[in-house]
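What follows is a single structure, written as structure tokens, with notes after it.
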Amino acid sequence: MNVDQAYAYIERSIQSARLAQAYVVVAPPRGVGDLLTIRIMKLLFCSGTHVPCGTCRGCTSVEDRVHPDVHWIEPQKKSRIISVEQIRNIQKDIYTTSYSGGWKICVLMGADCLNKSAANAFLKTLEEPPARTLFFLLTDSPQRLLPTIISRCHRITVSGSDAEGIDEELRSSVIDILADTAGSLSVERMSKADRLVTLLKAVKKNIENEEDEACTEEQADVDNDTREARVSSRYREVRQAIMRSIQFWYRDILILSCGSDGALVHHDSEMERLQDAAARVSYRDAVSQVRAVEDMNQQLGRNMPEALVFMSGFCLL
């Protein structure tokens with residue numbers, strides 16, 4: 001379901017008093033995931049006449065992430081894990097009386113980053129949750145969560161969103177590649193493919209390093225097959241997010257080539273470069289570009305070699 005459908009589903013659950021104790025929200029945590037979560041929390045904390053009003057103290061404090069009854073847990077910057085100490089600290093808070101006299105909410109950003117000790121400690125909380133407490137576990141890698149945690153949560157998979165699910169730095173790197181017009185057309189196309197393959201190799205290497213650091217931090221003896229499975233799963237998620245960004249780029253060019261004023265453009269911060277790209281292609285070429293990206297996506301889904309997919313695909317862009 002998309003964001004609006006997921007929101008409507010939770011809204012109906014609230015109205016019928018059938019809200020679950022915990023939800024695993026399968027979506028990019030920074031983007032679709034926290035967007036949905038914030039909208040839901042406004043429903044629960046709004047004090048306005050029309051809920052959610054968006055202007056009352058409850059709504060604004062949720063939006064600003066300063067509501068005293070909302071607890072945010074994020075992976076530690078250095079280790080990229082959620083530690084058992086973080087879970088124990090939050091346990092102390094959620095078992096106390098709420099400031100507003102209503103709900104207490106805990107949001108785990110990147111819940112798949114729970115280390116083994118933290119996951120077990122959190123599981124105990126799910127087994128005996130305090131009254132009127134709600135948990136949101138935001139993750140784009142639900143397979144990395146303990147099955148026992150998954151079994152105690154209601155799962156919501158959010159799809160069909162415009163959010164790419166990659167951070168701004170990586171998105172900018174992808175856009176820089178796509179917008180490059182140096183050299184002849186054939187050289188430009190081959191250069192884009194080569195740079196994208198190089199970028200993906202760097203992304204995978206970074207994921208491998210993060211997994212190794214996490215294992216060291218956890219002092220866990222993870223076998224090579226498990227490590228490779230984790231790396232592969234995370235890498236595929238990021239690669240798919242990069243492909244969504246590429247799809248939006250060529251979709252934007254198609255929109256502008258039709259004479260649109262840009263209101264429907266996704267990469268609106270790149271309007272000047274998009275307009276330049278659109279001016280260099282016909283409508284028919286723009287349609288072909290969109291189809292070429294779709295074909296690359298399908299080929300990657302069939303596990304064809306990346307370099308071959310991008311080299312042949314970018315020859316058509």
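Labeling convention for the structure tokens: chains A, B, ... as they appear, residues from 1 per chain, ligands from 1 in order of appearance.
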
Asp112 (chain A) environment, 12 Å, only C-alpha atoms, sequence neighbours closer than 4 positions dropped, as a PyMOL selection string: chain A and resi 24-29+73-75+80-83+108+116+118-119+137-147+149-150+211+214+230+233-234

Kindly save the residues from that selection, with C-alpha atoms included, as a compact mmCIF listing (two decimals), in the first residue's frame.
# COMPACT_ATOMS: atom_id res chain seq x y z
CA VAL A 24 6.88 -2.90 11.59
CA VAL A 25 6.79 -0.25 8.87
CA VAL A 26 8.68 -1.60 5.86
CA ALA A 27 9.85 1.52 4.05
CA PRO A 28 12.91 3.78 3.88
CA PRO A 29 13.12 5.00 7.53
CA ILE A 73 15.76 5.66 18.90
CA GLU A 74 18.34 5.81 16.12
CA PRO A 75 21.47 3.79 15.33
CA ARG A 80 25.49 2.04 13.11
CA ILE A 81 23.77 -0.18 15.66
CA ILE A 82 21.03 0.26 18.24
CA SER A 83 22.59 -0.85 21.51
CA LEU A 108 12.93 2.80 16.22
CA LYS A 116 21.58 -9.19 19.44
CA ALA A 118 19.25 -5.00 22.17
CA ALA A 119 16.87 -7.17 20.13
CA LEU A 137 9.81 -0.22 13.97
CA LEU A 138 10.96 1.50 10.78
CA THR A 139 13.12 -0.56 8.46
CA ASP A 140 13.81 -1.28 4.82
CA SER A 141 15.41 -4.63 5.75
CA PRO A 142 12.78 -6.50 7.80
CA GLN A 143 14.52 -9.81 7.16
CA ARG A 144 17.23 -8.71 9.60
CA LEU A 145 14.80 -8.48 12.51
CA LEU A 146 14.35 -11.41 14.88
CA PRO A 147 11.42 -13.59 13.76
CA ILE A 149 9.98 -9.63 17.09
CA ILE A 150 8.26 -9.77 13.70
CA GLU A 211 28.38 -5.15 8.47
CA ALA A 214 28.49 -4.24 13.43
CA ARG A 230 23.02 -9.45 4.94
CA SER A 233 20.01 -7.84 0.99
CA ARG A 234 21.08 -4.33 1.99

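Backbone DSSP assigns strand (DSSP E or B) in region 43-266 of chain A to Val70, His71, Trp72, Ile73, Ile82, Lys104, Ile105, Cys106, Val107, Leu108, Met109, Leu114, Thr133, Leu134, Phe135, Phe136, Leu137, Leu138, Thr139, His154, Arg155, Ile156 and Thr157 of chain A.
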
Write out, as a short mmCIF file (atom, residue, chain, number, x, y, z; two decimals), in the first residue's frame, the residues just selected, with N, CA and C atoms.
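And here is the file that came out, result_33.cif:
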data_model
loop_
_atom_site.label_atom_id
_atom_site.label_comp_id
_atom_site.auth_asym_id
_atom_site.auth_seq_id
_atom_site.Cartn_x
_atom_site.Cartn_y
_atom_site.Cartn_z
N VAL A 70 6.91 11.02 23.02
CA VAL A 70 7.42 10.31 21.83
C VAL A 70 8.93 10.14 22.00
N HIS A 71 9.38 8.90 21.93
CA HIS A 71 10.79 8.58 22.12
C HIS A 71 11.37 8.02 20.82
N TRP A 72 12.39 8.70 20.32
CA TRP A 72 13.03 8.31 19.07
C TRP A 72 14.33 7.57 19.37
N ILE A 73 14.51 6.41 18.76
CA ILE A 73 15.76 5.66 18.90
C ILE A 73 16.37 5.51 17.51
N ILE A 82 21.83 -0.15 17.08
CA ILE A 82 21.03 0.26 18.24
C ILE A 82 21.45 -0.64 19.38
N LYS A 104 1.98 6.81 24.90
CA LYS A 104 3.43 6.91 24.85
C LYS A 104 3.87 6.12 23.61
N ILE A 105 4.77 6.72 22.86
CA ILE A 105 5.16 6.11 21.59
C ILE A 105 6.67 6.02 21.49
N CYS A 106 7.13 4.89 20.99
CA CYS A 106 8.56 4.66 20.76
C CYS A 106 8.77 4.36 19.28
N VAL A 107 9.66 5.12 18.65
CA VAL A 107 9.95 4.95 17.22
C VAL A 107 11.40 4.49 17.07
N LEU A 108 11.59 3.31 16.48
CA LEU A 108 12.93 2.80 16.22
C LEU A 108 13.27 3.06 14.76
N MET A 109 14.15 4.01 14.51
CA MET A 109 14.59 4.33 13.15
C MET A 109 15.67 3.32 12.74
N LEU A 114 19.22 -3.13 15.40
CA LEU A 114 19.27 -3.67 16.75
C LEU A 114 20.33 -4.77 16.82
N THR A 133 0.82 2.11 25.08
CA THR A 133 2.14 2.36 24.51
C THR A 133 2.18 1.74 23.12
N LEU A 134 2.72 2.50 22.19
CA LEU A 134 2.74 2.08 20.80
C LEU A 134 4.18 2.10 20.28
N PHE A 135 4.55 1.06 19.53
CA PHE A 135 5.90 0.96 18.99
C PHE A 135 5.84 0.96 17.46
N PHE A 136 6.73 1.75 16.87
CA PHE A 136 6.90 1.74 15.42
C PHE A 136 8.33 1.33 15.11
N LEU A 137 8.49 0.24 14.37
CA LEU A 137 9.81 -0.22 13.97
C LEU A 137 9.97 0.08 12.48
N LEU A 138 10.78 1.07 12.16
CA LEU A 138 10.96 1.50 10.78
C LEU A 138 12.19 0.83 10.19
N THR A 139 12.00 0.16 9.07
CA THR A 139 13.12 -0.56 8.46
C THR A 139 12.86 -0.82 6.98
N HIS A 154 2.54 -5.93 13.92
CA HIS A 154 1.74 -5.90 12.71
C HIS A 154 2.59 -5.26 11.62
N ARG A 155 2.66 -5.89 10.50
CA ARG A 155 3.55 -5.43 9.41
C ARG A 155 2.78 -4.58 8.41
N ILE A 156 3.37 -3.42 8.09
CA ILE A 156 2.82 -2.55 7.05
C ILE A 156 3.93 -2.28 6.03
N THR A 157 3.73 -2.73 4.82
CA THR A 157 4.70 -2.49 3.76
C THR A 157 4.22 -1.33 2.90
#

Considering only C-alpha atoms, return as a PDB file with N, CA and C atoms, in the first residue's frame whatever protein or nucleic-acid residues lie within 9 Å of Phe310 (chain A), sequence-local ones (same chain, fewer than 4 positions apart) excluded.
ATOM      1  N   MET A 190      28.773   5.877 -22.434  1.00  0.00           N
ATOM      2  CA  MET A 190      29.654   4.883 -21.843  1.00  0.00           C
ATOM      3  C   MET A 190      30.232   5.370 -20.522  1.00  0.00           C
ATOM      4  N   LYS A 192      28.777   7.442 -18.386  1.00  0.00           N
ATOM      5  CA  LYS A 192      27.722   7.361 -17.369  1.00  0.00           C
ATOM      6  C   LYS A 192      27.596   5.937 -16.835  1.00  0.00           C
ATOM      7  N   ALA A 193      27.605   4.968 -17.741  1.00  0.00           N
ATOM      8  CA  ALA A 193      27.485   3.575 -17.321  1.00  0.00           C
ATOM      9  C   ALA A 193      28.664   3.171 -16.441  1.00  0.00           C
ATOM     10  N   ASP A 194      29.870   3.549 -16.865  1.00  0.00           N
ATOM     11  CA  ASP A 194      31.073   3.196 -16.111  1.00  0.00           C
ATOM     12  C   ASP A 194      31.079   3.850 -14.732  1.00  0.00           C
ATOM     13  N   LEU A 196      28.481   4.835 -12.988  1.00  0.00           N
ATOM     14  CA  LEU A 196      27.432   4.252 -12.155  1.00  0.00           C
ATOM     15  C   LEU A 196      27.873   2.904 -11.586  1.00  0.00           C
ATOM     16  N   VAL A 197      28.530   2.092 -12.409  1.00  0.00           N
ATOM     17  CA  VAL A 197      29.040   0.806 -11.926  1.00  0.00           C
ATOM     18  C   VAL A 197      30.062   1.034 -10.818  1.00  0.00           C
ATOM     19  N   MET A 296      16.305  -2.051 -17.873  1.00  0.00           N
ATOM     20  CA  MET A 296      17.454  -2.289 -16.999  1.00  0.00           C
ATOM     21  C   MET A 296      16.999  -2.826 -15.645  1.00  0.00           C
ATOM     22  N   PRO A 305      24.422  -9.621 -15.062  1.00  0.00           N
ATOM     23  CA  PRO A 305      25.597  -8.869 -14.595  1.00  0.00           C
ATOM     24  C   PRO A 305      25.372  -7.361 -14.690  1.00  0.00           C
ATOM     25  N   GLU A 306      25.650  -6.679 -13.600  1.00  0.00           N
ATOM     26  CA  GLU A 306      25.391  -5.236 -13.548  1.00  0.00           C
ATOM     27  C   GLU A 306      26.085  -4.478 -14.665  1.00  0.00           C
ATOM     28  N   PHE A 314      22.622   2.047 -21.060  1.00  0.00           N
ATOM     29  CA  PHE A 314      22.945   3.465 -21.250  1.00  0.00           C
ATOM     30  C   PHE A 314      23.251   3.801 -22.695  1.00  0.00           C
ATOM     31  N   CYS A 315      23.524   2.786 -23.523  1.00  0.00           N
ATOM     32  CA  CYS A 315      23.686   3.051 -24.953  1.00  0.00           C
ATOM     33  C   CYS A 315      22.387   3.549 -25.578  1.00  0.00           C
TER      34      CYS A 315
END

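Using only C-alpha atoms, the protein and nucleic acid residues lying no more than 12 Å from Glu270 (chain A), apart from those fewer than 2 places from it along its own chain, are Arg171, Ser172, Ile175, Asp176, Leu178, Ala179, Phe248, Trp249, Asp252, Ile253, Gly262, Val265, His266, His267, Asp268, Glu272, Arg273, Leu274, Gln275, Asp276 and Ala277 of chain A.
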
Export of the given selection (N, CA and C atoms) as a JSON list (two decimals), in the first residue's frame:
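The result, written out as result22.json:
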[["chain", "number", "residue", "atom", "x", "y", "z"],
["A", 171, "ARG", "N", 22.07, 10.50, -3.62],
["A", 171, "ARG", "CA", 21.18, 10.99, -4.68],
["A", 171, "ARG", "C", 21.89, 12.00, -5.57],
["A", 172, "SER", "N", 22.62, 12.92, -4.95],
["A", 172, "SER", "CA", 23.34, 13.95, -5.71],
["A", 172, "SER", "C", 24.40, 13.32, -6.61],
["A", 175, "ILE", "N", 22.60, 11.90, -9.62],
["A", 175, "ILE", "CA", 22.14, 12.97, -10.51],
["A", 175, "ILE", "C", 23.30, 13.58, -11.28],
["A", 176, "ASP", "N", 24.45, 13.74, -10.61],
["A", 176, "ASP", "CA", 25.63, 14.29, -11.30],
["A", 176, "ASP", "C", 26.04, 13.40, -12.47],
["A", 178, "LEU", "N", 23.98, 11.35, -14.19],
["A", 178, "LEU", "CA", 22.95, 11.42, -15.22],
["A", 178, "LEU", "C", 22.96, 12.73, -15.99],
["A", 179, "ALA", "N", 23.34, 13.80, -15.31],
["A", 179, "ALA", "CA", 23.30, 15.13, -15.93],
["A", 179, "ALA", "C", 24.56, 15.47, -16.71],
["A", 248, "PHE", "N", 12.97, 8.35, -11.96],
["A", 248, "PHE", "CA", 12.38, 9.67, -11.79],
["A", 248, "PHE", "C", 13.07, 10.71, -12.68],
["A", 249, "TRP", "N", 14.38, 10.59, -12.83],
["A", 249, "TRP", "CA", 15.12, 11.55, -13.65],
["A", 249, "TRP", "C", 14.62, 11.53, -15.09],
["A", 252, "ASP", "N", 11.08, 12.73, -15.40],
["A", 252, "ASP", "CA", 11.02, 14.19, -15.36],
["A", 252, "ASP", "C", 11.35, 14.79, -16.73],
["A", 253, "ILE", "N", 12.34, 14.21, -17.40],
["A", 253, "ILE", "CA", 12.71, 14.69, -18.74],
["A", 253, "ILE", "C", 11.54, 14.51, -19.70],
["A", 262, "GLY", "N", 6.44, 21.90, -15.12],
["A", 262, "GLY", "CA", 7.32, 21.37, -14.08],
["A", 262, "GLY", "C", 6.63, 21.07, -12.77],
["A", 265, "VAL", "N", 7.28, 17.52, -11.71],
["A", 265, "VAL", "CA", 8.66, 17.07, -11.70],
["A", 265, "VAL", "C", 9.07, 16.61, -10.30],
["A", 266, "HIS", "N", 9.70, 15.46, -10.22],
["A", 266, "HIS", "CA", 10.15, 14.92, -8.93],
["A", 266, "HIS", "C", 11.44, 15.59, -8.46],
["A", 267, "HIS", "N", 12.44, 15.63, -9.32],
["A", 267, "HIS", "CA", 13.71, 16.24, -8.98],
["A", 267, "HIS", "C", 13.64, 17.76, -9.23],
["A", 268, "ASP", "N", 12.73, 18.43, -8.53],
["A", 268, "ASP", "CA", 12.50, 19.85, -8.82],
["A", 268, "ASP", "C", 13.70, 20.72, -8.48],
["A", 272, "GLU", "N", 16.97, 23.20, -13.69],
["A", 272, "GLU", "CA", 17.77, 23.76, -14.78],
["A", 272, "GLU", "C", 18.45, 22.66, -15.59],
["A", 273, "ARG", "N", 19.02, 21.69, -14.89],
["A", 273, "ARG", "CA", 19.69, 20.61, -15.61],
["A", 273, "ARG", "C", 18.68, 19.71, -16.33],
["A", 274, "LEU", "N", 17.51, 19.52, -15.72],
["A", 274, "LEU", "CA", 16.46, 18.74, -16.38],
["A", 274, "LEU", "C", 15.97, 19.41, -17.65],
["A", 275, "GLN", "N", 15.77, 20.72, -17.58],
["A", 275, "GLN", "CA", 15.32, 21.46, -18.76],
["A", 275, "GLN", "C", 16.35, 21.39, -19.87],
["A", 276, "ASP", "N", 17.62, 21.45, -19.50],
["A", 276, "ASP", "CA", 18.69, 21.34, -20.50],
["A", 276, "ASP", "C", 18.66, 19.96, -21.15],
["A", 277, "ALA", "N", 18.46, 18.93, -20.34],
["A", 277, "ALA", "CA", 18.41, 17.57, -20.88],
["A", 277, "ALA", "C", 17.18, 17.38, -21.77]]

Just give me the gap between CA of Lys42 (chain A) and CA of Leu123 (chain A) in Å, one decimal is fine. 26.3 Å

Could you find all residues in region 12-102 of chain A that DSSP calls alpha helix (DSSP H) from the backbone, and write them as a ChimeraX atom specification? /A:12-15,34-45,57-63,84-94

Could you save those same residues with C-alpha atoms as an mmCIF file, in the first residue's frame?
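Resulting contents of out13.cif:
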data_model
loop_
_atom_site.group_PDB
_atom_site.id
_atom_site.type_symbol
_atom_site.label_atom_id
_atom_site.label_comp_id
_atom_site.auth_asym_id
_atom_site.auth_seq_id
_atom_site.Cartn_x
_atom_site.Cartn_y
_atom_site.Cartn_z
ATOM 1 C CA ARG A 12 -9.605 3.139 10.831
ATOM 2 C CA SER A 13 -7.843 1.003 13.448
ATOM 3 C CA ILE A 14 -7.780 3.946 15.852
ATOM 4 C CA GLN A 15 -11.447 4.744 15.276
ATOM 5 C CA ASP A 34 8.941 8.596 9.364
ATOM 6 C CA LEU A 35 6.511 10.585 7.208
ATOM 7 C CA LEU A 36 3.834 7.953 7.827
ATOM 8 C CA THR A 37 4.733 7.634 11.510
ATOM 9 C CA ILE A 38 4.548 11.377 12.136
ATOM 10 C CA ARG A 39 1.142 11.573 10.447
ATOM 11 C CA ILE A 40 -0.150 8.742 12.649
ATOM 12 C CA MET A 41 1.218 10.318 15.827
ATOM 13 C CA LYS A 42 -0.532 13.580 15.015
ATOM 14 C CA LEU A 43 -3.791 11.636 14.990
ATOM 15 C CA LEU A 44 -3.086 10.404 18.511
ATOM 16 C CA PHE A 45 -1.804 13.650 20.048
ATOM 17 C CA ARG A 57 0.682 22.001 20.391
ATOM 18 C CA GLY A 58 0.372 18.241 20.041
ATOM 19 C CA CYS A 59 0.719 18.310 16.252
ATOM 20 C CA THR A 60 3.559 20.818 16.150
ATOM 21 C CA SER A 61 5.565 19.087 18.888
ATOM 22 C CA VAL A 62 5.247 15.790 17.010
ATOM 23 C CA GLU A 63 6.319 17.481 13.775
ATOM 24 C CA VAL A 84 21.098 -2.601 24.516
ATOM 25 C CA GLU A 85 21.831 0.515 26.574
ATOM 26 C CA GLN A 86 19.546 2.544 24.308
ATOM 27 C CA ILE A 87 16.767 -0.005 24.748
ATOM 28 C CA ARG A 88 17.174 -0.112 28.523
ATOM 29 C CA ASN A 89 17.027 3.678 28.703
ATOM 30 C CA ILE A 90 13.826 3.749 26.709
ATOM 31 C CA GLN A 91 12.321 1.009 28.879
ATOM 32 C CA LYS A 92 12.675 3.258 31.901
ATOM 33 C CA ASP A 93 10.758 6.003 30.101
ATOM 34 C CA ILE A 94 7.881 4.002 28.685
#

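Candidate residues A:Gln21, A:Thr55, A:Gln240, A:Gln76 were compared for distance to Pro129 (chain A), and the nearest is A:Gln21, using only C-alpha atoms.
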
Among A:Gly31, A:Val51, A:Ser257, A:Arg302, Gly110 (chain A) is approached most closely, using only C-alpha atoms, by A:Gly31

Given only C-alpha atoms as the basis, pick out the residue of A:Leu300, A:Ala20, A:Ala111, A:Val231 nearest to Arg152 (chain A). A:Ala20

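With only C-alpha atoms as the atoms that count, the minimum distance from Ser98 (chain A) to the choices A:His67, A:Ala121, A:Cys258, A:Leu126 is reached by A:His67.
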